[in-house]
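Worksheet for the structure shown next.
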Protein chains: 2
Amino acid sequence: MKTADPELMRAINRFHVMDAIRRHGPVSRVQICQVTELSATTVSAITAALLDDRLITSVPVGAVRDAGRGRPRVMLQLNPDAAHVVGVRLAPDQITVAVTNFCADILHTLSLPIRIDRQTAAVIADLVEDGVRRCIEDANLEMSGILGVCVGLPGVVERSAGVCRQSPIFGDRDVPLGAELTRRLGVPASIDSDANLVALAEHWFGQARDLNDFLVVSVERSLGLGILHNGELFRGASGLSPDLGDLMIGSPGNGGGRLADMASEISVLGETDAALPSGRGMALLLRRAEEGDEDCLAALAAAGEALGYAIANLITLFAPPKIIIAGRAMASSEHFMRPLRETVAALVPPSLADVTDLVTREWDDSIWARGAAAMTLRELYGAPWGTTGPAPLRALVELRDEA
Amino acid sequence: MKTADPELMRAINRFHVMDAIRRHGPVSRVQICQVTELSATTVSAITAALLDDRLITSVPVGAVRDAGRGRPRVMLQLNPDAAHVVGVRLAPDQITVAVTNFCADILHTLSLPIRIDRQTAAVIADLVEDGVRRCIEDANLEMSGILGVCVGLPGVVERSAGVCRQSPIFGDRDVPLGAELTRRLGVPASIDSDANLVALAEHWFGQARDLNDFLVVSVERSLGLGILHNGELFRGASGLSPDLGDLMIGSPGNGGGRLADMASEISVLGETDAALPSGRGMALLLRRAEEGDEDCLAALAAAGEALGYAIANLITLFAPPKIIIAGRAMASSEHFMRPLRETVAALVPPSLADVTDLVTREWDDSIWARGAAAMTLRELYGAPWGTTGPAPLRALVELRDEA
DNA sequence: TTGATTTTATCCGTGTTGCGGATTAATTCT
DNA sequence: AGAATTAATCCGCAACACGGATAAAATCAA
């Protein structure tokens, strides 16, 4: 039970100020007042403390001039060098590492196209450790300057415990990857579901910056689900992040089963008889579908319908204003998305027919790693009870419109 | 954006104190200190204010004697007469009204066994208004002494807007029942999903008092889902409460469809050819099943399997430590529950095999209405950001063990 | 060039809050 | 009756947010 004392009060307000600065780029103290609804005095005091801690910096005068009469505003921004963090994304066939600064700008990335699929946890931890150390070195930084590492991976992840309950990339269950990496790197290391990282990335940098509620469905080798609810990442009880692929779809033994076996890239590739090379398989399959190959079209359509079915159920449960379907290749194919959309439209309950906007988003690997970095920064910013929340851009927009 | 000022601070702590008093019956100030982790001074100040506002009362000295040496503790408890609220439950064949005091003790109930199914909203509002007025009168109270009314009903409900998007008891969509009843009764009236009311009732009075995360699945004429997450009732985006019956199960057109058409009491009754009278249908069906009637057994098993399928998916998403299956008749039949349990066990992902405890609970109608009353009280207590949360009974348990 | 104007940021005094330590209150034990 | 013990309150302190006054830094007008 969190008791409220002046310290908590300050923590909350400091977080709001930090969050306002992060979200609204270089921003003056008056603007922060409007956004946070804090008094000028309080904002002044808090920003002074933040400047003192070198968490923010004031933009050199003259850099930004806004046509006004009085004393010019001093713009404040996050101090990029206040901290450095590392984000890692583990995919079945690739490890991506990114080093970012305090603004979550990527300083350096490293991609290792390695099949880590079904490796032992020790081997994977080895690879991650190497990758992180190398990436830090390449960015001309020291391990001692890194404040945290976050690893995103598919599967069922219990962030609070740092344990991966189950994942397509681990043979074992209940891998304590968080503790292991913390030990190896000598730096706090956390883990999370990869879909959560993407959800956070979308919330911080992507197309959901002004949304407090949305879902991210990642369609890659495996299927992930990230839920942002009330401006917070939603995790199940005991902090568990779900694996969308574990959902049951259709009638088992009658063309149904786990979603992972019906709508993931792996399953689609497995459907077609054609022997497709493992690396470029999906690109090839999509091209064949484009050329009219019946098998490939059918496989894509079946996958789209299966995922559409699941998404309809997610809409029934969460009624989010937006769902972002995210993936590399398949998710951007109309042969996949059209059946998906049609299935969603057909199965969503009538009362929720129009609440959800379904969009696709293709991105590069670095987004994932950036999300992982953001996950660590989010904690550094020191959210007291959470509230990564977006919220009133309105105050700022109004300000801009005035000018 | 909620800015933190001393007022919020006080509100938070006052709520924690109120909540501790509500939860732990008559309780002394020292005990409140232990539970809330507030200082004795603060507790003293807050309880003094609460006593001054007549929200709590001190138990007459000598009533409770705990074998101690020093100055005896003065026990505090909610003042039952601090407020009165009304809870209403709308079911397809019945309206239940309950008047409770500030402790959520039921003072008087009224059950109207009326088929309101498919009536117009105006007629139903009429019936509710009459029921509420009569129940208040029978309890020897005045309308002016009622601080709020909450109505629970099946379907998709948007509490914040007071709108029922869709419900088996309304022919229309988007019924603004909240505003209508507020107008008629001259008292703040809210509406919510009936499953949410039960979830709250279980959290406050039932078997989930010490749980912060659990699901309630109500199995009656229709199917409801109440989610308690992090000590808070979970609602979808824009405050929408889902209708479990809207979930899709199995393959559509292949023995699958909406869960409401497969696992609700209505659907089970519809499955069997036997012409069953509408009122006692389920009781008769269960007796026949007990006697070995194949049709009835098959219908119950099919329903159990369908609901088990849905519950497995809910476990995948929420991983709650407990799911309470609640209902009148069917839910307590092993012919229904055994297939359900078996299906859940078979379909739940291996990594989540043992996280969820599945229990059933049969109750009388008044529980629902009591939950509705509690929903209003919850707001009167003035939770600042929510935190209906349970939490550390531990402090109290330790105390008791010491003695 | 100089003073008036305007906007921004800080300083000062006030009120509220929670807290630790001392104090008072109300019992039981000896 | 006095000592011991536990409960509740009182007092002084520090932290905080806030409103109003003040200082700072520019533009505008003569």
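Chains: A, B, ... in order of the structure tokens. Residues: from 1 per chain. Ligands: from 1, in order shown.
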
For chain A against chain B, which residues fall within 6 Å using only C-alpha atoms, given as a ChimeraX atom specification? /A:4,9,213,236-237,242,247,250-251,313,317-320

Alpha helix (DSSP H) per DSSP on the backbone: members of stretch 2-238 of chain A, as number ranges by chain: A: 6-23, 29-36, 40-52, 121-138, 177-185, 194-204

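Our summary of the geometry notes that atom CA of A:Leu286 is positioned 15.0 Å from atom CA of A:Pro339.
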
Which residues, written as a PyMOL selection string, have at least one atom at most 12 Å from A:Phe170, with only C-alpha atoms (C1' of nucleotides) counted and residues fewer than 2 positions away on the same chain left out? chain A and resi 90-92+115-125+153-157+163-168+172-177

With C-alpha atoms retained, could you export that selection as a tab-separated table (two decimals), in the first residue's frame?
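Below is the file part-v7.tsv, written as the result:
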chain	number	residue	atom	x	y	z
A	90	LEU	CA	15.58	-11.71	-29.72
A	91	ALA	CA	13.89	-13.19	-32.76
A	92	PRO	CA	14.18	-16.82	-33.82
A	115	ARG	CA	19.39	-18.86	-35.72
A	116	ILE	CA	19.07	-18.97	-31.96
A	117	ASP	CA	15.95	-21.02	-32.21
A	118	ARG	CA	16.06	-23.93	-29.79
A	119	GLN	CA	19.49	-23.10	-28.49
A	120	THR	CA	20.13	-23.59	-24.83
A	121	ALA	CA	19.61	-20.63	-22.59
A	122	ALA	CA	23.32	-20.50	-21.82
A	123	VAL	CA	24.25	-20.19	-25.47
A	124	ILE	CA	21.71	-17.46	-26.05
A	125	ALA	CA	22.81	-15.57	-22.98
A	153	LEU	CA	11.55	-11.80	-26.93
A	154	PRO	CA	8.48	-13.66	-28.11
A	155	GLY	CA	6.58	-15.92	-25.78
A	156	VAL	CA	5.16	-15.78	-22.29
A	157	VAL	CA	7.32	-13.46	-20.25
A	163	VAL	CA	11.68	-15.06	-16.23
A	164	CYS	CA	10.68	-16.28	-19.65
A	165	ARG	CA	8.04	-18.87	-18.98
A	166	GLN	CA	7.99	-20.21	-22.46
A	167	SER	CA	9.23	-19.02	-25.79
A	168	PRO	CA	9.75	-20.33	-29.28
A	172	ASP	CA	13.48	-24.85	-21.89
A	173	ARG	CA	10.74	-23.38	-19.79
A	174	ASP	CA	11.09	-20.80	-17.06
A	175	VAL	CA	14.41	-19.39	-18.16
A	176	PRO	CA	15.63	-16.75	-15.67
A	177	LEU	CA	17.19	-14.66	-18.39

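As for atom C1' of C:DC19 and atom CA of A:Asp53, they are spaced 26.9 Å apart.
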
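Every residue of chain D that lies within 6 Å of chain B is listed here, counting only C-alpha atoms (C1' of nucleotides): DT5, DT6, DA7 and DA17 of chain D.
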
Selection from above, C-alpha atoms (C1' of nucleotides), as a PDB file, in the first residue's frame, can you write it?
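File selection_36.pdb, as written:
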ATOM      1  C1'  DT D   5       2.238  -0.711  29.575  1.00  0.00           C
ATOM      2  C1'  DT D   6      -0.170   0.409  25.622  1.00  0.00           C
ATOM      3  C1'  DA D   7      -3.066   3.920  22.954  1.00  0.00           C
ATOM      4  C1'  DA D  17       2.364  23.514  -3.931  1.00  0.00           C
TER       5       DA D  17
END

With the cut-off set at 12 Å and counting only C-alpha atoms (C1' of nucleotides), tabulate each residue of chain D with an atom at most that distance from an atom of stretch 22-28 of chain C, showing the nearest atom pair and its distance in Å to one decimal, ordered by chain and increasing number, as CSV.
residue,atom,partner,partner_atom,distance
D:DA3,C1',C:DT28,C1',10.5
D:DA4,C1',C:DT28,C1',8.4
D:DT5,C1',C:DT28,C1',8.0
D:DT6,C1',C:DT27,C1',8.3
D:DA7,C1',C:DA25,C1',8.0
D:DA8,C1',C:DA25,C1',7.5
D:DT9,C1',C:DT24,C1',7.3
D:DC10,C1',C:DT23,C1',7.0
D:DC11,C1',C:DA22,C1',8.1
D:DG12,C1',C:DA22,C1',10.4

With a distance threshold of 9 Å and counting only C-alpha atoms (C1' of nucleotides), extract the residues of chain C near chain A and express them as a tab-separated table (two decimals) with N, CA and C atoms (P, O5', C5', C4', C3', O3' and C1' of nucleotides), in the first residue's frame.
chain	number	residue	atom	x	y	z
C	5	DT	P	3.58	51.97	-20.64
C	5	DT	O5'	3.85	50.59	-21.36
C	5	DT	C5'	3.97	50.56	-22.78
C	5	DT	C4'	4.16	49.13	-23.25
C	5	DT	C3'	3.34	48.08	-22.50
C	5	DT	O3'	2.69	47.26	-23.44
C	5	DT	C1'	5.61	47.44	-22.56
C	6	DT	P	1.55	46.22	-23.00
C	6	DT	O5'	2.35	44.85	-23.12
C	6	DT	C5'	3.06	44.57	-24.32
C	6	DT	C4'	3.87	43.30	-24.15
C	6	DT	C3'	3.15	42.21	-23.34
C	6	DT	O3'	3.30	40.98	-24.01
C	6	DT	C1'	5.30	42.57	-22.46
C	7	DT	P	2.14	39.86	-23.88
C	7	DT	O5'	3.00	38.57	-23.49
C	7	DT	C5'	4.12	38.24	-24.30
C	7	DT	C4'	5.22	37.69	-23.44
C	7	DT	C3'	4.83	36.52	-22.52
C	7	DT	O3'	5.41	35.33	-23.01
C	7	DT	C1'	6.32	38.05	-21.47
C	8	DT	P	5.26	33.95	-22.22
C	8	DT	O5'	6.58	33.95	-21.32
C	8	DT	C5'	7.85	34.12	-21.93
C	8	DT	C4'	8.94	34.05	-20.89
C	8	DT	C3'	8.89	32.83	-19.99
C	8	DT	O3'	10.16	32.20	-19.98
C	8	DT	C1'	9.07	34.82	-18.70
C	9	DA	P	10.32	30.75	-19.33
C	9	DA	O5'	10.87	31.10	-17.89
C	9	DA	C5'	12.16	31.66	-17.77
C	9	DA	C4'	12.37	32.18	-16.37
C	9	DA	C3'	12.27	31.14	-15.26
C	9	DA	O3'	13.55	30.99	-14.65
C	9	DA	C1'	11.13	33.14	-14.69
C	10	DT	P	13.72	29.96	-13.45
C	10	DT	O5'	13.64	30.92	-12.18
C	10	DT	C5'	14.48	32.07	-12.13
C	10	DT	C4'	14.11	32.93	-10.94
C	10	DT	C3'	14.17	32.23	-9.58
C	10	DT	O3'	14.98	32.99	-8.72
C	10	DT	C1'	12.16	33.43	-9.82
C	17	DT	P	-4.77	19.38	4.82
C	17	DT	O5'	-3.49	18.46	4.79
C	17	DT	C5'	-2.93	18.07	3.54
C	17	DT	C4'	-1.58	17.43	3.74
C	17	DT	C3'	-1.56	16.40	4.87
C	17	DT	O3'	-1.67	15.10	4.34
C	17	DT	C1'	0.40	17.81	4.86
C	18	DG	P	-1.75	13.85	5.36
C	18	DG	O5'	-0.21	13.52	5.66
C	18	DG	C5'	0.67	13.19	4.58
C	18	DG	C4'	2.04	12.86	5.13
C	18	DG	C3'	2.03	11.83	6.26
C	18	DG	O3'	3.08	10.90	6.07
C	18	DG	C1'	3.01	13.85	7.03

Stretch 106-108 of chain B: which residues within 12 Å, counting only C-alpha atoms (C1' of nucleotides), same-chain residues fewer than 2 positions away excluded, as a PyMOL selection string? chain B and resi 80-81+84-88+96-104+110-111+131-141+365-374

Using the selection just defined, write its residues with C-alpha atoms as a PDB file, in the first residue's frame.
ATOM      1  CA  PRO B  80     -23.835   2.383   8.879  1.00  0.00           C
ATOM      2  CA  ASP B  81     -26.124   5.375   8.663  1.00  0.00           C
ATOM      3  CA  HIS B  84     -27.842   4.703   1.934  1.00  0.00           C
ATOM      4  CA  VAL B  85     -27.576   3.432  -1.601  1.00  0.00           C
ATOM      5  CA  VAL B  86     -29.638   1.263  -3.875  1.00  0.00           C
ATOM      6  CA  GLY B  87     -28.469  -1.596  -6.043  1.00  0.00           C
ATOM      7  CA  VAL B  88     -30.538  -3.019  -8.845  1.00  0.00           C
ATOM      8  CA  THR B  96     -33.933  -7.409  -7.928  1.00  0.00           C
ATOM      9  CA  VAL B  97     -33.608  -4.283  -5.833  1.00  0.00           C
ATOM     10  CA  ALA B  98     -31.649  -3.897  -2.628  1.00  0.00           C
ATOM     11  CA  VAL B  99     -31.250  -0.954  -0.289  1.00  0.00           C
ATOM     12  CA  THR B 100     -28.082  -0.994   1.724  1.00  0.00           C
ATOM     13  CA  ASN B 101     -26.475   1.188   4.304  1.00  0.00           C
ATOM     14  CA  PHE B 102     -22.961   2.596   4.226  1.00  0.00           C
ATOM     15  CA  CYS B 103     -21.522  -0.786   5.214  1.00  0.00           C
ATOM     16  CA  ALA B 104     -23.213  -2.384   2.235  1.00  0.00           C
ATOM     17  CA  LEU B 110     -37.387  -6.601  -3.416  1.00  0.00           C
ATOM     18  CA  SER B 111     -37.650  -9.193  -6.150  1.00  0.00           C
ATOM     19  CA  GLY B 131     -39.080  -1.023  -7.792  1.00  0.00           C
ATOM     20  CA  VAL B 132     -36.537   1.400  -6.391  1.00  0.00           C
ATOM     21  CA  ARG B 133     -39.167   3.702  -4.924  1.00  0.00           C
ATOM     22  CA  ARG B 134     -41.074   0.839  -3.368  1.00  0.00           C
ATOM     23  CA  CYS B 135     -37.977  -0.774  -1.935  1.00  0.00           C
ATOM     24  CA  ILE B 136     -36.905   2.495  -0.376  1.00  0.00           C
ATOM     25  CA  GLU B 137     -40.333   2.973   1.100  1.00  0.00           C
ATOM     26  CA  ASP B 138     -40.409  -0.553   2.485  1.00  0.00           C
ATOM     27  CA  ALA B 139     -37.096   0.114   4.146  1.00  0.00           C
ATOM     28  CA  ASN B 140     -38.604   3.142   5.864  1.00  0.00           C
ATOM     29  CA  LEU B 141     -36.316   5.525   4.049  1.00  0.00           C
ATOM     30  CA  ASP B 365     -29.938 -12.756  -6.159  1.00  0.00           C
ATOM     31  CA  SER B 366     -29.208 -10.344  -3.376  1.00  0.00           C
ATOM     32  CA  ILE B 367     -25.472 -10.699  -3.912  1.00  0.00           C
ATOM     33  CA  TRP B 368     -25.817  -9.030  -7.266  1.00  0.00           C
ATOM     34  CA  ALA B 369     -27.742  -6.160  -5.857  1.00  0.00           C
ATOM     35  CA  ARG B 370     -25.281  -5.869  -3.020  1.00  0.00           C
ATOM     36  CA  GLY B 371     -22.495  -5.616  -5.558  1.00  0.00           C
ATOM     37  CA  ALA B 372     -24.385  -2.849  -7.250  1.00  0.00           C
ATOM     38  CA  ALA B 373     -24.683  -1.021  -3.965  1.00  0.00           C
ATOM     39  CA  ALA B 374     -20.982  -1.505  -3.326  1.00  0.00           C
TER      40      ALA B 374
END

Using only C-alpha atoms (C1' of nucleotides), find the one residue out of D:DC13, D:DA29, D:DC18, D:DA23 that sits nearest to C:DC11. D:DA23
